Amino acid sequence: MHSNLLTTVPSPESILIAGCGYVGSALGASLAEEGTEVWGIRRDIGALPPGVRGVECDLLDRRAIEQLPRAYDSLVFCLSAGGRGTLSVYRSVYVGAFRRLLDHCAFRRVVFVSSTGVFGQRSGDWVDETSETKPLLDSGRAMLEAETLARSGEGERIVVRFSGIYGPGRTRLVRMVEERRAVCVRDQPRFLNQIHRDDCVGVLRHLLNIPRPESLYLASDSEPATRAAVCSWIAKRSGQEPPETIEADDPRIKEDLRGNKRCRNDRLLESGYRFLFPSFREGYAGLVPVREP
């Protein structure tokens with residue numbers, strides 16, 4: 001049963017998850033199953049998984065935040081702006097709400113979930129934690145500003161940049177292949193950097209517990225692959241024809257403002273994390289049924 005945060009006091013070892021959506025809810029469920037005291041902020045606490053103590057709160061409402069208890073052990077901030085918005089909308093979520101929460105509460109360790117959207121490379125360049133950040137979209141610009149806020153405070157502050165998240169219930173690429181909407185551009189390899197939802201949970205659990213963490217980690221699986229390679233693998237496994245290959249001047253092609261890069265995860269691996277799904281093959285194996293052509 002969910003409880004109201006305002007009537008109870010978190011323990012010294014409690015973890016607050018701000019934003020219990022696709023990744024946050026899975027993280028909360030995983031932590032709660034092993035007996036960790038987990039508090040989850042969500043507008044609709046009825047959607048929280050069992051074992052997570054509900055915090056019905058709109059983080060865009062300053063007065064609501066001011067009613068929260070002030071002390072927790074750790075914070076995982078993984079709020080999503082949802083859909084497409086303006087720079088001001090993204091800033092209100094990623095920067096404004098985050099700042100208000102940090103100003104009101106005290107945490108020993110803070111993990112801020114960011115995105116590889118802060119990169120702007122377009123030519124398939126390799127990127128890591130030291131690479132230049134020049135976001136192409138407003139969401140990435142706001143996220144980069146929030147990263148600066150996350151890394152500037154007291155205590156242990158960690159930023160983790162997730163690449164494209166997929167997993168149960170999030171299989172857009174699989175649907176595109178099945179519906180014959182996936183296409184590949186001839187002589188223009190577009191790299192996909194992905195991470196399975198369960199590895200997102202694993203990485204966050206890892207970063208909540210490792211001693212002397214770095215301030216920034218890039219979290220993506222170990223094999224950046226071209227869109228053509230991934231879509232062809234999905235098609236073969238599901239018994240379908242491979243995606244159509246089209247020319248670069250085809251009118252169906254639109255500018256991809258997400259950039260084109262390959263993400264390195266060396267720092268994360270060196271910290272001791274081991275991926276459950278080190279490549280798209282292991283990750284999609286449980287999501288794509290095997291069918292004969």
# chains A, B, ... in the order shown; residues from 1 in each chain; ligands from 1
call {"tool": "residues_around", "arguments": {"residues": "segment 144-160 of chain A", "least_positions_apart": "4", "cutoff": "6 Å", "atoms": "only C-alpha atoms", "output": "PyMOL selection string"}}
result
chain A and resi 94-95+108-114+215-218
call {"tool": "closest_residue", "arguments": {"among": "A:Leu136, A:Tyr22, A:Ala285, A:Trp233", "to": "Ile165 of chain A", "atoms": "only C-alpha atoms"}}
result
A:Tyr22
call {"tool": "select_by_dssp", "arguments": {"residues": "segment 96-186 of chain A", "states": "helix (DSSP H, G or I)", "output": "short mmCIF file (atom, residue, chain, number, x, y, z; two decimals) with C-alpha atoms, in the first residue's frame"}}
result
data_model
loop_
_atom_site.label_atom_id
_atom_site.label_comp_id
_atom_site.auth_asym_id
_atom_site.auth_seq_id
_atom_site.Cartn_x
_atom_site.Cartn_y
_atom_site.Cartn_z
CA GLY A 96 13.80 24.60 -12.20
CA ALA A 97 12.29 21.57 -10.49
CA PHE A 98 15.72 20.08 -9.85
CA ARG A 99 17.02 23.30 -8.27
CA ARG A 100 13.98 23.62 -5.99
CA LEU A 101 14.40 20.04 -4.80
CA LEU A 102 18.11 20.53 -4.09
CA ASP A 103 17.45 23.80 -2.27
CA HIS A 104 14.83 22.23 0.00
CA THR A 116 23.53 11.72 -24.78
CA GLY A 117 21.41 14.40 -26.46
CA VAL A 118 23.89 16.89 -24.99
CA ASP A 138 16.37 22.53 -26.84
CA SER A 139 15.94 19.47 -24.63
CA GLY A 140 19.69 18.84 -24.77
CA ARG A 141 20.48 22.49 -24.02
CA ALA A 142 18.30 22.44 -20.92
CA MET A 143 19.74 19.08 -19.87
CA LEU A 144 23.28 20.43 -20.15
CA GLU A 145 22.37 23.37 -17.92
CA ALA A 146 20.90 20.97 -15.38
CA GLU A 147 24.10 18.91 -15.49
CA THR A 148 26.06 21.98 -14.43
CA LEU A 149 23.68 22.47 -11.52
CA ALA A 150 23.93 18.80 -10.57
CA ARG A 151 27.71 18.81 -10.41
CA SER A 152 28.12 22.13 -8.59
CA ARG A 172 9.42 1.51 -31.52
CA LEU A 173 12.17 0.24 -33.81
CA VAL A 174 10.71 -3.28 -33.79
CA ARG A 175 7.30 -1.92 -34.77
CA MET A 176 8.82 0.14 -37.57
CA VAL A 177 10.48 -2.96 -39.01
CA GLU A 178 7.28 -5.01 -38.70
#
call {"tool": "closest_residue", "arguments": {"among": "A:Gly283, A:Gly169, A:Phe119, A:Ser74", "to": "Glu132 of chain A", "atoms": "only C-alpha atoms"}}
result
A:Phe119
call {"tool": "closest_atom_pairs", "arguments": {"of": "segment 109-207 of chain A", "to": "segment 24-36 of chain A", "cutoff": "9 Å", "atoms": "only C-alpha atoms", "output": "CSV"}}
result
residue,atom,partner,partner_atom,distance
A:Arg197,CA,A:Ala26,CA,8.2
A:Asp198,CA,A:Ala26,CA,7.9
A:Cys200,CA,A:Leu27,CA,8.3
A:Val201,CA,A:Leu27,CA,5.1
A:Gly202,CA,A:Leu27,CA,8.1
A:Leu204,CA,A:Leu27,CA,7.7
A:Arg205,CA,A:Leu27,CA,7.7
call {"tool": "write_last_selection", "arguments": {"atoms": "N, CA and C atoms", "output": "mmCIF file, in the first residue's frame"}}
result
data_model
loop_
_atom_site.group_PDB
_atom_site.id
_atom_site.type_symbol
_atom_site.label_atom_id
_atom_site.label_comp_id
_atom_site.auth_asym_id
_atom_site.auth_seq_id
_atom_site.Cartn_x
_atom_site.Cartn_y
_atom_site.Cartn_z
ATOM 1 N N ARG A 197 16.437 -0.973 -20.779
ATOM 2 C CA ARG A 197 15.870 -0.448 -19.533
ATOM 3 C C ARG A 197 16.441 -1.134 -18.303
ATOM 4 N N ASP A 198 16.647 -2.440 -18.382
ATOM 5 C CA ASP A 198 17.174 -3.159 -17.213
ATOM 6 C C ASP A 198 18.617 -2.778 -16.920
ATOM 7 N N CYS A 200 19.693 0.305 -17.498
ATOM 8 C CA CYS A 200 19.531 1.621 -16.860
ATOM 9 C C CYS A 200 19.366 1.434 -15.356
ATOM 10 N N VAL A 201 18.517 0.491 -14.977
ATOM 11 C CA VAL A 201 18.308 0.195 -13.554
ATOM 12 C C VAL A 201 19.608 -0.287 -12.929
ATOM 13 N N GLY A 202 20.298 -1.185 -13.611
ATOM 14 C CA GLY A 202 21.553 -1.704 -13.078
ATOM 15 C C GLY A 202 22.602 -0.625 -12.899
ATOM 16 N N LEU A 204 22.086 2.628 -12.445
ATOM 17 C CA LEU A 204 21.702 3.518 -11.345
ATOM 18 C C LEU A 204 21.965 2.859 -9.990
ATOM 19 N N ARG A 205 21.638 1.601 -9.865
ATOM 20 C CA ARG A 205 21.941 0.882 -8.618
ATOM 21 C C ARG A 205 23.445 0.892 -8.352
#
call {"tool": "atom_distance", "arguments": {"atom1": "atom CA of Asp61 of chain A", "atom2": "atom CA of Arg43 of chain A"}}
result
11.3 Å
call {"tool": "closest_residue", "arguments": {"among": "A:Arg70, A:Arg62, A:Arg161, A:Arg180", "to": "Ser92 of chain A", "atoms": "only C-alpha atoms"}}
result
A:Arg62
call {"tool": "atom_distance", "arguments": {"atom1": "atom CA of Ile234 of chain A", "atom2": "atom CA of Asp221 of chain A"}}
result
17.3 Å
call {"tool": "closest_residue", "arguments": {"among": "A:Thr86, A:Ser279, A:Ser238, A:Thr171", "to": "Arg291 of chain A", "atoms": "only C-alpha atoms"}}
result
A:Ser238
call {"tool": "residues_around", "arguments": {"residues": "Ser11 of chain A", "least_positions_apart": "6", "cutoff": "10 Å", "atoms": "only C-alpha atoms", "output": "list in words"}}
result
Glu37, Val38, Ala71, Tyr72 and Asp73 of chain A
call {"tool": "write_last_selection", "arguments": {"atoms": "N, CA and C atoms", "output": "short mmCIF file (atom, residue, chain, number, x, y, z; two decimals), in the first residue's frame"}}
result
data_model
loop_
_atom_site.label_atom_id
_atom_site.label_comp_id
_atom_site.auth_asym_id
_atom_site.auth_seq_id
_atom_site.Cartn_x
_atom_site.Cartn_y
_atom_site.Cartn_z
N GLU A 37 14.50 1.23 1.58
CA GLU A 37 13.38 2.16 1.75
C GLU A 37 13.39 3.14 0.59
N VAL A 38 12.36 3.05 -0.25
CA VAL A 38 12.30 3.85 -1.47
C VAL A 38 11.07 4.75 -1.45
N ALA A 71 15.40 15.54 4.64
CA ALA A 71 16.60 14.70 4.64
C ALA A 71 16.33 13.30 4.09
N TYR A 72 17.15 12.90 3.14
CA TYR A 72 17.18 11.55 2.59
C TYR A 72 18.65 11.18 2.43
N ASP A 73 18.90 9.90 2.23
CA ASP A 73 20.28 9.51 1.97
C ASP A 73 20.68 9.88 0.54
#
call {"tool": "atom_distance", "arguments": {"atom1": "atom CA of Arg190 of chain A", "atom2": "atom CA of Asp250 of chain A"}}
result
15.6 Å
call {"tool": "residues_around", "arguments": {"residues": "Leu16 of chain A", "least_positions_apart": "6", "cutoff": "6 Å", "atoms": "only C-alpha atoms", "output": "list in words"}}
result
Trp39, Gly40 and Leu75 of chain A
call {"tool": "residues_around", "arguments": {"residues": "Ile41 of chain A", "least_positions_apart": "2", "cutoff": "10 Å", "atoms": "only C-alpha atoms", "output": "PyMOL selection string"}}
result
chain A and resi 5+16-21+24-25+39+43-45+48+52-59+77+79
call {"tool": "write_last_selection", "arguments": {"atoms": "C-alpha atoms", "output": "PDB file, in the first residue's frame"}}
result
ATOM      1  CA  LEU A   5       5.184  11.177   2.483  1.00  0.00           C
ATOM      2  CA  LEU A  16      14.128   9.368  -3.130  1.00  0.00           C
ATOM      3  CA  ILE A  17      13.353   8.855  -6.814  1.00  0.00           C
ATOM      4  CA  ALA A  18      12.105  12.035  -8.452  1.00  0.00           C
ATOM      5  CA  GLY A  19      10.282  10.955 -11.565  1.00  0.00           C
ATOM      6  CA  CYS A  20       8.940   7.401 -11.405  1.00  0.00           C
ATOM      7  CA  GLY A  21       8.299   6.770 -15.064  1.00  0.00           C
ATOM      8  CA  GLY A  24      12.342   5.315 -12.253  1.00  0.00           C
ATOM      9  CA  SER A  25       9.526   2.870 -11.486  1.00  0.00           C
ATOM     10  CA  TRP A  39      10.212   6.981  -1.894  1.00  0.00           C
ATOM     11  CA  ARG A  43       1.713  12.924  -9.805  1.00  0.00           C
ATOM     12  CA  ASP A  44      -0.310   9.696  -9.767  1.00  0.00           C
ATOM     13  CA  ILE A  45       1.081   7.527  -6.990  1.00  0.00           C
ATOM     14  CA  LEU A  48       3.829   3.217  -8.512  1.00  0.00           C
ATOM     15  CA  VAL A  52       7.605   2.138  -3.251  1.00  0.00           C
ATOM     16  CA  ARG A  53       6.239   4.752  -0.868  1.00  0.00           C
ATOM     17  CA  GLY A  54       4.240   7.252  -2.818  1.00  0.00           C
ATOM     18  CA  VAL A  55       5.013  10.948  -2.914  1.00  0.00           C
ATOM     19  CA  GLU A  56       2.137  12.681  -4.684  1.00  0.00           C
ATOM     20  CA  CYS A  57       3.832  15.899  -5.690  1.00  0.00           C
ATOM     21  CA  ASP A  58       4.143  18.180  -8.702  1.00  0.00           C
ATOM     22  CA  LEU A  59       7.797  19.161  -8.785  1.00  0.00           C
ATOM     23  CA  PHE A  77      16.471  12.616 -10.408  1.00  0.00           C
ATOM     24  CA  LEU A  79      12.185  13.447 -14.405  1.00  0.00           C
TER      25      LEU A  79
END
call {"tool": "closest_residue", "arguments": {"among": "A:Asn265, A:Gln240, A:Ser271, A:Ser222", "to": "Val288 of chain A", "atoms": "only C-alpha atoms"}}
result
A:Gln240
call {"tool": "select_by_dssp", "arguments": {"residues": "segment 60-279 of chain A", "states": "strand (DSSP E)", "output": "PyMOL selection string"}}
result
chain A and resi 74-77+109-115+125-127+156-162+164-166+183-185+191-192+194-196+216-219+225-226+244-246+261-263
call {"tool": "residues_around", "arguments": {"residues": "Val127 of chain A", "least_positions_apart": "4", "cutoff": "7 Å", "atoms": "only C-alpha atoms", "output": "PDB file with N, CA and C atoms, in the first residue's frame"}}
result
ATOM      1  N   SER A 131      34.319  14.531 -24.276  1.00  0.00           N
ATOM      2  CA  SER A 131      34.024  15.091 -25.597  1.00  0.00           C
ATOM      3  C   SER A 131      33.236  16.388 -25.501  1.00  0.00           C
ATOM      4  N   LYS A 261      26.657   9.845 -33.679  1.00  0.00           N
ATOM      5  CA  LYS A 261      27.900   9.628 -32.929  1.00  0.00           C
ATOM      6  C   LYS A 261      27.933   8.187 -32.432  1.00  0.00           C
ATOM      7  N   ARG A 262      29.074   7.808 -31.855  1.00  0.00           N
ATOM      8  CA  ARG A 262      29.242   6.492 -31.239  1.00  0.00           C
ATOM      9  C   ARG A 262      29.729   6.688 -29.808  1.00  0.00           C
ATOM     10  N   CYS A 263      28.988   6.140 -28.873  1.00  0.00           N
ATOM     11  CA  CYS A 263      29.265   6.401 -27.451  1.00  0.00           C
ATOM     12  C   CYS A 263      30.162   5.325 -26.842  1.00  0.00           C
ATOM     13  N   ARG A 264      31.198   5.774 -26.147  1.00  0.00           N
ATOM     14  CA  ARG A 264      32.080   4.872 -25.407  1.00  0.00           C
ATOM     15  C   ARG A 264      31.587   4.744 -23.963  1.00  0.00           C
TER      16      ARG A 264
END
